[in-house]
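protein_34.txt (compact mmCIF, C-alpha atoms) appears below.
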```txt
# COMPACT_ATOMS: atom_id res chain seq x y z
CA MET A 1 1.52 18.68 14.76
CA ASN A 2 0.21 16.52 17.56
CA PRO A 3 -1.28 13.31 16.10
CA LYS A 4 -4.09 11.55 17.97
CA VAL A 5 -5.20 7.94 17.66
CA GLY A 6 -8.12 7.77 15.24
CA GLU A 7 -7.13 10.94 13.39
CA GLU A 8 -7.72 10.52 9.68
CA LEU A 9 -5.26 11.51 6.99
CA ARG A 10 -6.60 13.77 4.27
CA ASP A 11 -7.86 11.60 1.40
CA LEU A 12 -5.81 11.51 -1.77
CA VAL A 13 -7.59 10.62 -5.01
CA LYS A 14 -5.48 9.52 -7.95
CA HIS A 15 -6.65 9.19 -11.54
CA PRO A 16 -4.24 6.72 -13.15
CA THR A 17 -4.29 6.44 -16.94
CA THR A 18 -2.58 4.05 -19.37
CA ARG A 19 -0.31 6.99 -20.18
CA GLN A 20 0.73 7.18 -16.53
CA LEU A 21 1.46 3.45 -16.48
CA VAL A 22 3.84 3.86 -19.42
CA GLN A 23 5.40 6.90 -17.76
CA TYR A 24 5.83 4.93 -14.54
CA ALA A 25 7.22 1.88 -16.35
CA GLY A 26 9.91 4.13 -17.81
CA ALA A 27 10.67 5.94 -14.55
CA GLN A 28 10.95 2.72 -12.54
CA GLY A 29 12.48 0.65 -15.32
CA ASP A 30 9.81 -2.06 -14.92
CA PHE A 31 8.86 -3.13 -18.43
CA TYR A 32 6.70 -6.13 -17.56
CA GLU A 33 4.10 -6.10 -20.35
CA ILE A 34 1.03 -6.50 -18.08
CA HIS A 35 1.30 -2.75 -17.44
CA TYR A 36 1.08 -1.51 -21.05
CA ASP A 37 0.28 -4.34 -23.49
CA GLN A 38 -3.46 -5.18 -23.40
CA ASP A 39 -3.12 -8.43 -25.41
CA PHE A 40 -0.27 -9.67 -23.22
CA ALA A 41 -2.17 -8.79 -20.04
CA ARG A 42 -5.23 -10.75 -21.22
CA SER A 43 -3.03 -13.70 -22.24
CA VAL A 44 -2.01 -14.14 -18.60
CA GLY A 45 -5.58 -14.02 -17.36
CA LEU A 46 -5.90 -10.35 -16.46
CA PRO A 47 -8.84 -8.15 -17.60
CA GLY A 48 -6.36 -5.83 -19.34
CA VAL A 49 -3.38 -3.75 -18.27
CA ILE A 50 -3.14 -3.18 -14.52
CA LEU A 51 -1.44 -0.70 -12.22
CA HIS A 52 2.04 -1.50 -10.93
CA GLY A 53 1.83 -2.47 -7.27
CA LEU A 54 4.70 -0.10 -6.63
CA LEU A 55 2.79 2.76 -8.27
CA LYS A 56 -0.02 2.17 -5.77
CA ALA A 57 2.64 2.09 -3.04
CA ALA A 58 3.92 5.44 -4.31
CA PHE A 59 0.36 6.86 -4.10
CA LEU A 60 0.11 5.70 -0.48
CA GLY A 61 3.60 7.07 0.17
CA GLN A 62 2.37 10.45 -1.03
CA LEU A 63 -0.65 10.20 1.27
CA VAL A 64 1.73 9.75 4.21
CA THR A 65 4.35 12.35 3.25
CA ASP A 66 1.64 14.95 2.43
CA TRP A 67 0.26 14.42 5.94
CA LEU A 68 3.65 14.32 7.66
CA GLY A 69 5.28 17.23 5.85
CA GLU A 70 8.42 18.35 7.69
CA ASP A 71 6.97 17.48 11.11
CA GLY A 72 8.60 14.08 11.30
CA THR A 73 10.50 11.33 9.55
CA LEU A 74 9.18 8.24 7.84
CA LYS A 75 10.86 5.19 9.44
CA SER A 76 9.11 2.31 7.71
CA PHE A 77 6.40 1.79 5.14
CA GLU A 78 4.76 -1.48 4.19
CA VAL A 79 2.18 -2.34 1.54
CA SER A 80 0.42 -5.56 0.65
CA TYR A 81 -1.34 -5.86 -2.70
CA ARG A 82 -4.69 -7.63 -2.32
CA GLY A 83 -6.31 -6.93 -5.66
CA ILE A 84 -5.63 -5.59 -9.10
CA ASP A 85 -6.48 -2.09 -10.26
CA VAL A 86 -7.04 -0.87 -13.77
CA PRO A 87 -6.35 2.55 -15.31
CA GLY A 88 -9.26 4.87 -16.11
CA ARG A 89 -10.79 4.52 -12.67
CA PRO A 90 -10.15 6.69 -9.62
CA TYR A 91 -7.94 5.28 -6.90
CA LEU A 92 -8.72 6.52 -3.39
CA CYS A 93 -5.95 6.59 -0.78
CA GLN A 94 -6.92 6.85 2.88
CA GLY A 95 -5.31 6.44 6.25
CA LYS A 96 -5.56 6.97 9.98
CA VAL A 97 -3.41 7.13 13.07
CA THR A 98 -3.50 3.83 14.94
CA ARG A 99 -0.95 4.32 17.71
CA VAL A 100 0.90 7.16 19.38
CA ASP A 101 3.74 6.42 21.79
CA GLY A 102 5.73 9.55 22.58
CA ASP A 103 7.26 10.67 19.28
CA GLN A 104 6.57 7.29 17.60
CA VAL A 105 3.39 7.21 15.53
CA GLU A 106 1.88 4.29 13.63
CA LEU A 107 -0.44 4.76 10.67
CA GLU A 108 -2.75 2.43 8.80
CA VAL A 109 -3.14 3.26 5.12
CA TRP A 110 -5.10 1.70 2.31
CA GLY A 111 -6.09 2.18 -1.30
CA GLU A 112 -9.59 1.60 -2.62
CA ASP A 113 -10.81 0.96 -6.12
CA SER A 114 -13.90 2.73 -7.49
CA GLU A 115 -16.16 0.04 -5.99
CA GLY A 116 -14.80 0.51 -2.50
CA ASN A 117 -12.65 -2.64 -2.41
CA ARG A 118 -9.45 -2.19 -0.42
CA THR A 119 -6.99 -3.47 -3.01
CA THR A 120 -3.88 -2.27 -1.20
CA LEU A 121 -3.34 -2.44 2.56
CA GLY A 122 -0.43 -0.82 4.30
CA SER A 123 1.08 0.73 7.37
CA ALA A 124 3.73 3.28 8.18
CA SER A 125 5.82 4.19 11.19
CA VAL A 126 6.92 7.76 11.68
CA GLU A 127 9.02 9.57 14.22
CA MET A 128 7.75 13.06 15.03
CA LYS A 129 10.18 15.90 15.59
CA GLY A 130 10.35 16.93 19.22
CA MET B 1 6.39 -33.07 -11.54
CA ALA B 2 7.95 -30.10 -13.31
CA THR B 3 6.77 -27.55 -10.76
CA THR B 4 8.28 -29.53 -7.88
CA ALA B 5 11.65 -29.58 -9.65
CA VAL B 6 11.45 -25.81 -10.19
CA LEU B 7 10.57 -25.28 -6.54
CA ASP B 8 13.56 -27.38 -5.44
CA ARG B 9 15.92 -25.48 -7.72
CA LEU B 10 14.60 -22.14 -6.48
CA ARG B 11 14.77 -23.19 -2.86
CA ALA B 12 18.44 -23.97 -3.41
CA ARG B 13 18.87 -20.23 -4.13
CA ILE B 14 17.67 -19.17 -0.66
CA GLY B 15 20.40 -17.12 0.98
CA SER B 16 22.21 -16.38 -2.26
CA THR B 17 23.09 -12.77 -2.95
CA ALA B 18 23.33 -10.96 -6.26
CA PRO B 19 26.45 -8.94 -7.14
CA PRO B 20 26.08 -5.43 -5.63
CA ILE B 21 24.79 -2.76 -8.03
CA SER B 22 25.72 0.90 -7.63
CA ALA B 23 23.91 3.92 -9.02
CA THR B 24 23.96 7.66 -8.46
CA VAL B 25 20.74 9.48 -7.59
CA GLU B 26 20.33 11.93 -10.46
CA ALA B 27 18.15 15.05 -10.34
CA GLY B 28 16.60 14.29 -13.73
CA HIS B 29 15.63 10.77 -12.68
CA LEU B 30 14.08 11.98 -9.42
CA LYS B 31 12.06 14.56 -11.36
CA ARG B 32 10.84 11.99 -13.89
CA PHE B 33 9.94 9.59 -11.09
CA ALA B 34 7.98 12.24 -9.14
CA GLU B 35 6.15 13.20 -12.34
CA ALA B 36 5.37 9.55 -13.09
CA ILE B 37 3.81 8.97 -9.67
CA GLY B 38 2.04 12.34 -9.92
CA ASP B 39 3.47 13.76 -6.69
CA PRO B 40 4.04 17.53 -7.08
CA ASN B 41 5.86 17.98 -3.74
CA PRO B 42 8.94 20.15 -4.52
CA ARG B 43 10.83 18.23 -1.83
CA TRP B 44 11.30 15.39 -4.35
CA LEU B 45 13.53 17.54 -6.56
CA GLN B 46 16.30 17.02 -3.97
CA GLU B 47 15.27 14.03 -1.90
CA ALA B 48 14.10 10.54 -2.86
CA PRO B 49 10.36 9.94 -2.25
CA PRO B 50 9.47 6.79 -0.23
CA THR B 51 9.47 4.25 -3.06
CA PHE B 52 12.20 5.74 -5.30
CA LEU B 53 14.90 3.18 -4.48
CA VAL B 54 13.08 0.54 -6.54
CA ALA B 55 13.69 2.75 -9.58
CA LEU B 56 17.37 3.28 -8.85
CA VAL B 57 18.36 -0.36 -9.20
CA PRO B 58 16.20 -3.44 -9.89
CA ALA B 59 14.26 -4.30 -6.75
CA SER B 60 14.62 -8.06 -7.17
CA ILE B 61 17.06 -10.59 -8.50
CA HIS B 62 15.98 -12.01 -11.83
CA LEU B 63 15.37 -15.73 -11.26
CA GLU B 64 14.79 -17.02 -14.75
CA GLU B 65 13.84 -20.54 -13.68
CA ALA B 66 10.88 -19.11 -11.73
CA GLU B 67 9.25 -18.37 -15.08
CA GLU B 68 8.79 -22.10 -15.61
CA TYR B 69 6.25 -21.89 -12.79
CA GLY B 70 2.75 -20.58 -13.59
CA LYS B 71 2.19 -18.00 -16.28
CA GLY B 72 2.74 -14.63 -14.75
CA TRP B 73 4.28 -12.50 -12.02
CA LEU B 74 2.41 -10.53 -9.39
CA ASN B 75 3.84 -8.25 -6.76
CA GLY B 76 2.61 -9.43 -3.34
CA GLY B 77 3.94 -6.60 -1.23
CA ASN B 78 6.84 -4.38 -0.28
CA ARG B 79 8.27 -3.25 3.02
CA PHE B 80 10.66 -0.30 3.17
CA GLU B 81 12.74 0.58 6.18
CA TYR B 82 14.39 4.02 6.17
CA VAL B 83 17.53 4.80 8.09
CA GLU B 84 18.52 8.12 6.56
CA PRO B 85 17.30 10.28 3.68
CA VAL B 86 18.59 9.66 0.16
CA GLN B 87 19.50 12.87 -1.69
CA VAL B 88 20.48 13.94 -5.19
CA GLY B 89 24.12 13.05 -5.79
CA ASP B 90 24.19 10.11 -3.38
CA ARG B 91 25.95 7.04 -4.69
CA ILE B 92 23.91 4.04 -3.55
CA THR B 93 25.05 0.44 -3.60
CA ALA B 94 22.29 -2.14 -3.40
CA THR B 95 22.82 -5.77 -2.47
CA GLY B 96 19.92 -8.12 -2.94
CA ARG B 97 19.42 -11.61 -1.61
CA VAL B 98 16.83 -14.33 -1.92
CA ALA B 99 15.39 -14.54 1.59
CA ASP B 100 12.82 -17.28 1.09
CA VAL B 101 11.00 -19.37 -1.51
CA TYR B 102 7.83 -21.31 -0.80
CA GLU B 103 4.65 -22.57 -2.39
CA LYS B 104 1.10 -22.08 -1.15
CA THR B 105 -1.87 -23.99 -2.43
CA GLY B 106 -5.27 -22.36 -2.19
CA SER B 107 -8.71 -22.84 -3.69
CA SER B 108 -7.66 -21.24 -6.99
CA GLY B 109 -4.49 -23.33 -7.38
CA SER B 110 -0.86 -23.08 -6.39
CA LEU B 111 1.22 -19.95 -6.03
CA LEU B 112 4.97 -19.60 -5.75
CA PHE B 113 6.29 -16.94 -3.35
CA ILE B 114 9.80 -15.52 -3.59
CA ILE B 115 10.94 -13.12 -0.87
CA PHE B 116 13.71 -10.71 -1.81
CA GLU B 117 15.65 -8.48 0.56
CA THR B 118 17.79 -5.55 -0.53
CA GLU B 119 20.10 -3.40 1.54
CA TYR B 120 21.05 0.07 0.31
CA VAL B 121 24.35 1.62 1.42
CA ASN B 122 25.47 5.15 0.54
CA GLN B 123 28.87 6.54 -0.50
CA HIS B 124 29.80 6.96 3.19
CA GLY B 125 29.30 3.26 3.85
CA ARG B 126 26.13 3.83 5.87
CA THR B 127 22.99 1.79 5.36
CA VAL B 128 20.25 4.19 4.23
CA ALA B 129 17.37 1.78 3.65
CA ARG B 130 16.24 -1.81 3.42
CA LEU B 131 13.54 -3.33 1.26
CA ARG B 132 11.71 -6.62 1.53
CA GLY B 133 9.59 -7.65 -1.44
CA THR B 134 7.28 -10.55 -2.19
CA ALA B 135 7.17 -11.71 -5.81
CA ILE B 136 4.45 -14.21 -6.72
CA ARG B 137 4.24 -16.58 -9.69
CA ARG B 138 0.70 -17.65 -10.53
```
Show the structure stored in the file as structure tokens.
Amino acid sequence: MNPKVGEELRDLVKHPTTRQLVQYAGAQGDFYEIHYDQDFARSVGLPGVILHGLLKAAFLGQLVTDWLGEDGTLKSFEVSYRGIDVPGRPYLCQGKVTRVDGDQVELEVWGEDSEGNRTTLGSASVEMKG
Amino acid sequence: MATTAVLDRLRARIGSTAPPISATVEAGHLKRFAEAIGDPNPRWLQEAPPTFLVALVPASIHLEEAEEYGKGWLNGGNRFEYVEPVQVGDRITATGRVADVYEKTGSSGSLLFIIFETEYVNQHGRTVARLRGTAIRR
């Protein structure tokens, strides 16, 4: 693989459900009620249960590792959560190559809700195998 | 003001570390984690996917007094730095510290930011990863 600046990563569409949020809560060990208890979520001013930020990070991580495969190594990965996302709506993960310097490649990644709002922004640095 | 007192108490925790926590990367846990995030890549049966370390040990120190501020937690962001792969059977020791605490006031009110940093060391004494996380009280 020979990444070029501007190259787009293949889109990844996720379809999170409340069931997945419970599954993720168990797998991560994060039992904060805003992710599975509708009444609790509304009591703290949310529209209902919302996705874990780290679940959205995992989706974007998959976007990057699916693209990278065994052609390189992930060196760093950063995500910033800019908006909430609710289950029952598709979550679109996208990315592109922003910098190539020898074997060092920088990526911009982001996650969009079903209305096209970028609710998660991120970046990744990878080192390609020579 | 109550919130100012909470802020002062939390700021006094900057630099403090939590007791190290050790855990072994188990095949069953990796599999459940990969299923939960919906990533079918068979690689994750042996190796930890990018965000797995947050599931191995708690990603932040529990600061009970922060719950006196606002009414809920939000995750602001996470930054992972990877030094070497984490595999099934690895014994990982995580040490977390409070890196910073500050308040920001915007148009919709005040928010409390707590920055946590965690370093992950394997059974050979080598650092495998670092994590920086931003927890927000609103």
Would you please work out which residue, of A:Gly95, A:Gly45, A:Gly122, A:Pro3, is nearest to A:Phe77 when using only C-alpha atoms?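 Result for the nearest residue to A:Phe77: A:Gly122.
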Residue contacts of B:Gly72 (8 Å, all atoms listed in the file) excluding same-chain residues fewer than 6 positions away, as a list in words: Val44 of chain A; Arg137 and Arg138 of chain B
Please put the answer as JSON: centre and edge lengths, in Å with one decimal, of a box along x, y and z that encloses all listed atoms of stretch 123-132 of chain B plus 6 Å on each side.
```
{"center_x": 20.8, "center_y": 0.2, "center_z": 2.7, "size_x": 30.1, "size_y": 25.6, "size_z": 18.4}
```
Calculated over only C-alpha atoms, which of the candidates A:Phe40, A:Thr98, A:Leu9, A:Val49 has the smallest distance to A:Val22? A:Val49
Produce a table with one row for each residue of chain A that has an atom at most 6 Å from any atom of chain B, each row naming the nearest atom pair and its distance in Å at one decimal; use all atoms listed in the file; arrange rows by chain and rising residue number; format as JSON lines.
```
{"residue": "A:Gln23", "atom": "CA", "partner": "B:Ala36", "partner_atom": "CA", "distance": 5.4}
{"residue": "A:Tyr24", "atom": "CA", "partner": "B:Ala36", "partner_atom": "CA", "distance": 4.9}
{"residue": "A:Ala27", "atom": "CA", "partner": "B:Phe33", "partner_atom": "CA", "distance": 5.1}
{"residue": "A:Gln28", "atom": "CA", "partner": "B:Ala55", "partner_atom": "CA", "distance": 4.0}
{"residue": "A:Ala58", "atom": "CA", "partner": "B:Thr51", "partner_atom": "CA", "distance": 5.8}
{"residue": "A:Gly61", "atom": "CA", "partner": "B:Pro50", "partner_atom": "CA", "distance": 5.9}
{"residue": "A:Lys75", "atom": "CA", "partner": "B:Tyr82", "partner_atom": "CA", "distance": 5.0}
{"residue": "A:Ser76", "atom": "CA", "partner": "B:Glu81", "partner_atom": "CA", "distance": 4.3}
{"residue": "A:Phe77", "atom": "CA", "partner": "B:Phe80", "partner_atom": "CA", "distance": 5.1}
{"residue": "A:Glu78", "atom": "CA", "partner": "B:Arg79", "partner_atom": "CA", "distance": 4.1}
{"residue": "A:Val79", "atom": "CA", "partner": "B:Gly77", "partner_atom": "CA", "distance": 5.4}
{"residue": "A:Ser80", "atom": "CA", "partner": "B:Gly77", "partner_atom": "CA", "distance": 4.1}
{"residue": "A:Tyr81", "atom": "CA", "partner": "B:Gly76", "partner_atom": "CA", "distance": 5.4}
```
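The interatomic distance for the pair atom CA of A:Asp30 and atom CA of A:Gln94 works out to 26.0 Å.
The space between atom CA of B:Glu47 and atom CA of B:Ala27 spans 9.0 Å.
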Separation of atom CA of B:Ala18 from atom CA of B:Gly96 in Å: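 Result for atom CA of B:Gly96 versus atom CA of B:Ala18: 5.5 Å, one decimal.
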Find the spatial neighbours of A:Gly130, counting all atoms listed in the file, within a cut-off of 10 Å - ignore same-chain residues fewer than 4 positions away - and output them as a list in words.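 Result of the neighbour search: Asp71, Gly72, Gly102 and Asp103 of chain A.
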Would you mind exporting the chosen residues as a short mmCIF file (atom, residue, chain, number, x, y, z; two decimals), keeping the file's coordinate frame, restricted to C-alpha atoms?
```
data_model
loop_
_atom_site.label_atom_id
_atom_site.label_comp_id
_atom_site.auth_asym_id
_atom_site.auth_seq_id
_atom_site.Cartn_x
_atom_site.Cartn_y
_atom_site.Cartn_z
CA ASP A 71 6.97 17.48 11.11
CA GLY A 72 8.60 14.08 11.30
CA GLY A 102 5.73 9.55 22.58
CA ASP A 103 7.26 10.67 19.28
#
```
I need the residue nearest B:His124 from this list: B:Ser108, B:Thr93, B:Thr4, B:Ser60. Use only C-alpha atoms for the distance.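 The closest residue to B:His124 is B:Thr93.
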Place N, CA and C atoms on stretch 35-52 of chain B and deliver the coordinates as a PDB file, keeping the file's coordinate frame.
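The file below, result-v6.pdb, is the result:
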```
ATOM      1  N   GLU B  35       7.186  12.911 -11.342  1.00  0.00           N
ATOM      2  CA  GLU B  35       6.150  13.200 -12.340  1.00  0.00           C
ATOM      3  C   GLU B  35       5.343  11.939 -12.650  1.00  0.00           C
ATOM      4  N   ALA B  36       6.036  10.812 -12.742  1.00  0.00           N
ATOM      5  CA  ALA B  36       5.370   9.550 -13.090  1.00  0.00           C
ATOM      6  C   ALA B  36       4.391   9.105 -12.003  1.00  0.00           C
ATOM      7  N   ILE B  37       4.732   9.360 -10.744  1.00  0.00           N
ATOM      8  CA  ILE B  37       3.810   8.970  -9.670  1.00  0.00           C
ATOM      9  C   ILE B  37       2.785  10.079  -9.411  1.00  0.00           C
ATOM     10  N   GLY B  38       2.991  11.240 -10.039  1.00  0.00           N
ATOM     11  CA  GLY B  38       2.040  12.340  -9.920  1.00  0.00           C
ATOM     12  C   GLY B  38       2.101  13.041  -8.577  1.00  0.00           C
ATOM     13  N   ASP B  39       3.300  13.091  -7.992  1.00  0.00           N
ATOM     14  CA  ASP B  39       3.470  13.760  -6.690  1.00  0.00           C
ATOM     15  C   ASP B  39       4.181  15.096  -6.908  1.00  0.00           C
ATOM     16  N   PRO B  40       3.452  16.217  -6.767  1.00  0.00           N
ATOM     17  CA  PRO B  40       4.040  17.530  -7.080  1.00  0.00           C
ATOM     18  C   PRO B  40       4.893  18.141  -5.973  1.00  0.00           C
ATOM     19  N   ASN B  41       5.104  17.425  -4.877  1.00  0.00           N
ATOM     20  CA  ASN B  41       5.860  17.980  -3.740  1.00  0.00           C
ATOM     21  C   ASN B  41       7.272  18.384  -4.181  1.00  0.00           C
ATOM     22  N   PRO B  42       7.622  19.688  -4.055  1.00  0.00           N
ATOM     23  CA  PRO B  42       8.940  20.150  -4.520  1.00  0.00           C
ATOM     24  C   PRO B  42      10.113  19.503  -3.768  1.00  0.00           C
ATOM     25  N   ARG B  43       9.805  18.931  -2.613  1.00  0.00           N
ATOM     26  CA  ARG B  43      10.830  18.230  -1.830  1.00  0.00           C
ATOM     27  C   ARG B  43      11.527  17.140  -2.655  1.00  0.00           C
ATOM     28  N   TRP B  44      10.776  16.519  -3.580  1.00  0.00           N
ATOM     29  CA  TRP B  44      11.300  15.390  -4.350  1.00  0.00           C
ATOM     30  C   TRP B  44      12.214  15.808  -5.505  1.00  0.00           C
ATOM     31  N   LEU B  45      12.518  17.110  -5.581  1.00  0.00           N
ATOM     32  CA  LEU B  45      13.530  17.540  -6.560  1.00  0.00           C
ATOM     33  C   LEU B  45      14.926  17.285  -5.991  1.00  0.00           C
ATOM     34  N   GLN B  46      15.011  17.182  -4.657  1.00  0.00           N
ATOM     35  CA  GLN B  46      16.300  17.020  -3.970  1.00  0.00           C
ATOM     36  C   GLN B  46      16.428  15.686  -3.248  1.00  0.00           C
ATOM     37  N   GLU B  47      15.269  15.203  -2.773  1.00  0.00           N
ATOM     38  CA  GLU B  47      15.270  14.030  -1.900  1.00  0.00           C
ATOM     39  C   GLU B  47      14.447  12.918  -2.549  1.00  0.00           C
ATOM     40  N   ALA B  48      14.827  11.673  -2.283  1.00  0.00           N
ATOM     41  CA  ALA B  48      14.100  10.540  -2.860  1.00  0.00           C
ATOM     42  C   ALA B  48      12.765  10.343  -2.143  1.00  0.00           C
ATOM     43  N   PRO B  49      11.641  10.270  -2.884  1.00  0.00           N
ATOM     44  CA  PRO B  49      10.360   9.940  -2.250  1.00  0.00           C
ATOM     45  C   PRO B  49      10.380   8.483  -1.758  1.00  0.00           C
ATOM     46  N   PRO B  50       9.390   8.079  -0.936  1.00  0.00           N
ATOM     47  CA  PRO B  50       9.470   6.790  -0.230  1.00  0.00           C
ATOM     48  C   PRO B  50       9.767   5.544  -1.059  1.00  0.00           C
ATOM     49  N   THR B  51       9.281   5.490  -2.291  1.00  0.00           N
ATOM     50  CA  THR B  51       9.470   4.250  -3.060  1.00  0.00           C
ATOM     51  C   THR B  51      10.539   4.379  -4.148  1.00  0.00           C
ATOM     52  N   PHE B  52      11.272   5.489  -4.181  1.00  0.00           N
ATOM     53  CA  PHE B  52      12.200   5.740  -5.300  1.00  0.00           C
ATOM     54  C   PHE B  52      13.290   4.691  -5.469  1.00  0.00           C
TER      55      PHE B  52
END
```
